[in-house]
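Participant: Take a look at structure_0.txt, compact mmCIF, C-alpha atoms:
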```
# COMPACT_ATOMS: atom_id res chain seq x y z
CA MET G 176 157.70 92.12 33.86
CA SER G 177 154.60 94.23 34.54
CA PRO G 178 153.07 94.44 38.01
CA VAL G 179 149.95 92.47 38.80
CA VAL G 180 146.94 94.78 38.97
CA PRO G 181 144.34 93.59 41.48
CA ARG G 182 140.82 93.07 40.22
CA PHE G 183 138.61 95.69 41.84
CA ALA G 184 135.48 97.53 40.74
CA VAL G 185 132.80 99.66 42.38
CA THR G 186 129.41 100.57 40.93
CA ASP G 187 126.47 102.51 42.34
CA ASP G 188 122.77 101.77 42.11
CA ARG G 189 119.56 102.72 43.86
CA SER G 190 117.03 100.20 45.13
CA ALA G 191 113.33 100.51 44.34
CA GLY G 192 112.79 101.79 47.89
CA GLY G 193 115.53 104.40 47.71
CA ALA G 194 118.51 102.76 49.41
CA HIS G 195 121.88 103.58 47.86
CA VAL G 196 123.63 100.36 46.85
CA VAL G 197 127.38 100.19 46.28
CA SER G 198 128.40 96.95 44.57
CA ILE G 199 132.00 95.94 45.09
CA SER G 200 133.83 93.19 43.24
CA GLY G 201 137.31 91.75 43.29
CA GLU G 202 139.75 92.24 46.14
CA ILE G 203 139.63 94.76 48.98
CA HIS G 204 143.09 95.11 50.50
CA MET G 205 145.93 97.53 51.09
CA THR G 206 146.16 98.44 47.40
CA THR G 207 142.45 98.89 46.66
CA ALA G 208 141.10 100.06 50.04
CA PRO G 209 142.01 103.74 49.48
CA ASP G 210 139.85 103.81 46.32
CA LEU G 211 136.95 102.23 48.18
CA SER G 212 137.39 104.65 51.06
CA GLU G 213 137.26 107.65 48.71
CA HIS G 214 134.19 106.27 46.97
CA LEU G 215 132.33 105.67 50.24
CA THR G 216 133.32 109.10 51.57
CA ARG G 217 131.90 110.79 48.45
CA THR G 218 128.75 108.64 48.68
CA ILE G 219 128.11 109.48 52.33
CA ASP G 220 129.03 113.16 51.86
CA ALA G 221 126.41 113.31 49.09
CA GLY G 222 123.76 112.57 51.71
CA ASN G 223 123.24 108.86 51.16
CA THR G 224 122.40 107.65 54.66
CA ALA G 225 120.59 104.38 53.80
CA LEU G 226 123.58 102.51 52.40
CA VAL G 227 123.97 98.90 51.30
CA LEU G 228 127.39 97.52 50.41
CA ASP G 229 126.94 94.54 48.14
CA LEU G 230 130.01 92.37 48.66
CA SER G 231 128.66 89.50 46.53
CA GLY G 232 131.49 89.93 44.04
CA VAL G 233 134.25 90.29 46.65
CA GLU G 234 136.71 87.43 46.56
CA PHE G 235 139.08 88.65 49.28
CA ILE G 236 139.14 91.29 52.02
CA ASP G 237 141.89 92.03 54.52
CA SER G 238 142.11 94.12 57.68
CA THR G 239 142.61 97.30 55.65
CA GLY G 240 139.34 96.64 53.86
CA LEU G 241 137.57 95.89 57.13
CA SER G 242 138.82 99.20 58.48
CA VAL G 243 137.28 101.04 55.52
CA LEU G 244 133.93 99.33 56.17
CA LEU G 245 134.10 100.18 59.88
CA THR G 246 134.84 103.82 59.08
CA ALA G 247 131.80 103.98 56.80
CA LEU G 248 129.65 102.41 59.50
CA ARG G 249 130.90 104.90 62.10
CA ARG G 250 130.28 107.89 59.81
CA LEU G 251 126.76 106.72 59.03
CA SER G 252 125.99 106.02 62.68
CA GLN G 253 127.08 109.55 63.60
CA SER G 254 124.60 110.98 61.08
CA ASP G 255 121.71 108.67 62.06
CA GLY G 256 122.25 106.64 58.91
CA SER G 257 122.22 102.92 58.42
CA LEU G 258 124.58 100.45 56.73
CA ALA G 259 124.02 96.83 55.73
CA LEU G 260 126.26 94.37 53.95
CA VAL G 261 125.28 91.76 51.38
CA CYS G 262 127.62 88.78 51.60
CA ALA G 263 127.16 85.10 50.92
CA ASN G 264 130.77 84.15 50.13
CA PRO G 265 131.77 81.68 52.89
CA THR G 266 135.41 82.83 52.83
CA VAL G 267 134.51 86.49 53.32
CA LEU G 268 131.82 85.64 55.88
CA ARG G 269 134.38 83.65 57.85
CA LEU G 270 136.56 86.73 58.21
CA PHE G 271 133.62 88.67 59.67
CA HIS G 272 132.96 85.78 62.05
CA VAL G 273 136.59 85.29 63.15
CA THR G 274 136.94 89.02 63.87
CA SER G 275 133.50 89.12 65.57
CA LEU G 276 132.48 91.84 63.13
CA ASP G 277 129.43 89.77 62.25
CA ASN G 278 128.08 91.19 65.54
CA THR G 279 128.90 94.75 64.44
CA PHE G 280 127.58 94.76 60.88
CA ALA G 281 124.10 93.86 59.68
CA ILE G 282 124.95 91.14 57.14
CA PHE G 283 122.40 89.66 54.74
CA ALA G 284 122.56 86.97 52.07
CA GLY G 285 120.51 89.02 49.61
CA ARG G 286 120.19 92.61 48.47
CA ASP G 287 116.43 92.91 49.08
CA ALA G 288 116.73 92.07 52.78
CA ALA G 289 119.68 94.44 53.19
CA CYS G 290 117.80 97.30 51.50
CA ALA G 291 114.72 96.68 53.64
CA HIS G 292 116.92 96.80 56.76
CA VAL G 293 118.53 100.18 56.01
CA LEU G 294 115.24 101.73 54.93
CA ARG G 295 113.45 100.87 58.16
CA ALA G 296 116.40 101.74 60.44
```
Would it be possible to restate this file's structure as structure tokens?
Facilitator:
Amino acid sequence: MSPVVPRFAVTDDRSAGGAHVVSISGEIHMTTAPDLSEHLTRTIDAGNTALVLDLSGVEFIDSTGLSVLLTALRRLSQSDGSLALVCANPTVLRLFHVTSLDNTFAIFAGRDAACAHVLRA
């Protein structure tokens, strides 16, 4: 019997205004979080300080995934950068609410609003 491989993908894009957008889909948890962490570290180290994480395709996130997002936020804050999340999935939004992280992250229902937020920050 072969192991179940979690569905997880990350792609990069740039908004018309110049924000760096990282689109994430699938599951962010103990197995996939290290890959996301490495990707975000490379992205931030490359000088992308107006960063939008599009979680529209995320079906599940656990505390390990939240920790990766918090680390990215902290790194960007230390370099006068800005981070916004795009999330409309009620299940994922509930996790941010239950953990009170909806008060920590700038969360938007759409990509345009999130990009506008990080570009004016």
Participant: Report, in Å with one decimal, the straight-line distance from CA of Ala194 (chain G) to CA of Ala291 (chain G).
Facilitator: 8.3 Å
Participant: Please identify all polymer residues within 8 Å of region 182-189 of chain G, counting all atoms listed in the file, omitting same-chain residues fewer than 5 positions from it, and present them as a list in words.
Facilitator: Ala194, His195, Val196, Val197, Ser198, Ile199, Ser200, Gly201, Glu202, Ile203, Thr207 and Leu211 of chain G
Participant: Skipping near chain neighbours, those fewer than 3 positions away, what residues fall within 9 Å of region 239-254 of chain G using all atoms listed in the file, listed as a PyMOL selection string?
Facilitator: chain G and resi 202-205+207-209+211-212+215-216+219+223-226+228+236+257-259+271+276+279-280
Participant: Work out how far CA of Thr218 (chain G) is from CA of Ala296 (chain G), in Å to one decimal.
Facilitator: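 Taking CA of Ala296 (chain G) and CA of Thr218 (chain G), their separation equals 18.4 Å.
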Participant: Excluding Asp287 (chain G) and residues on its chain fewer than 3 positions from it, collect all residues at most 12 Å away from it, counting only C-alpha atoms, and give them as an MDAnalysis selection string.
Facilitator: chainID G and resid 189:194 196 227:229 259:261 282:284 290:294
Participant: Which one is closest to Phe235 (chain G): G:Thr274, G:Asn264, G:Asp220, G:Ala289? Count all atoms listed in the file.
Facilitator: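 Result for the nearest residue to Phe235 (chain G): G:Asn264.
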Participant: For the atom pair CA of Ser275 (chain G) and CA of Arg217 (chain G), what is the interatomic distance in Å to one decimal place?
Facilitator: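 Separation of CA of Ser275 (chain G) and CA of Arg217 (chain G): 27.7 Å.
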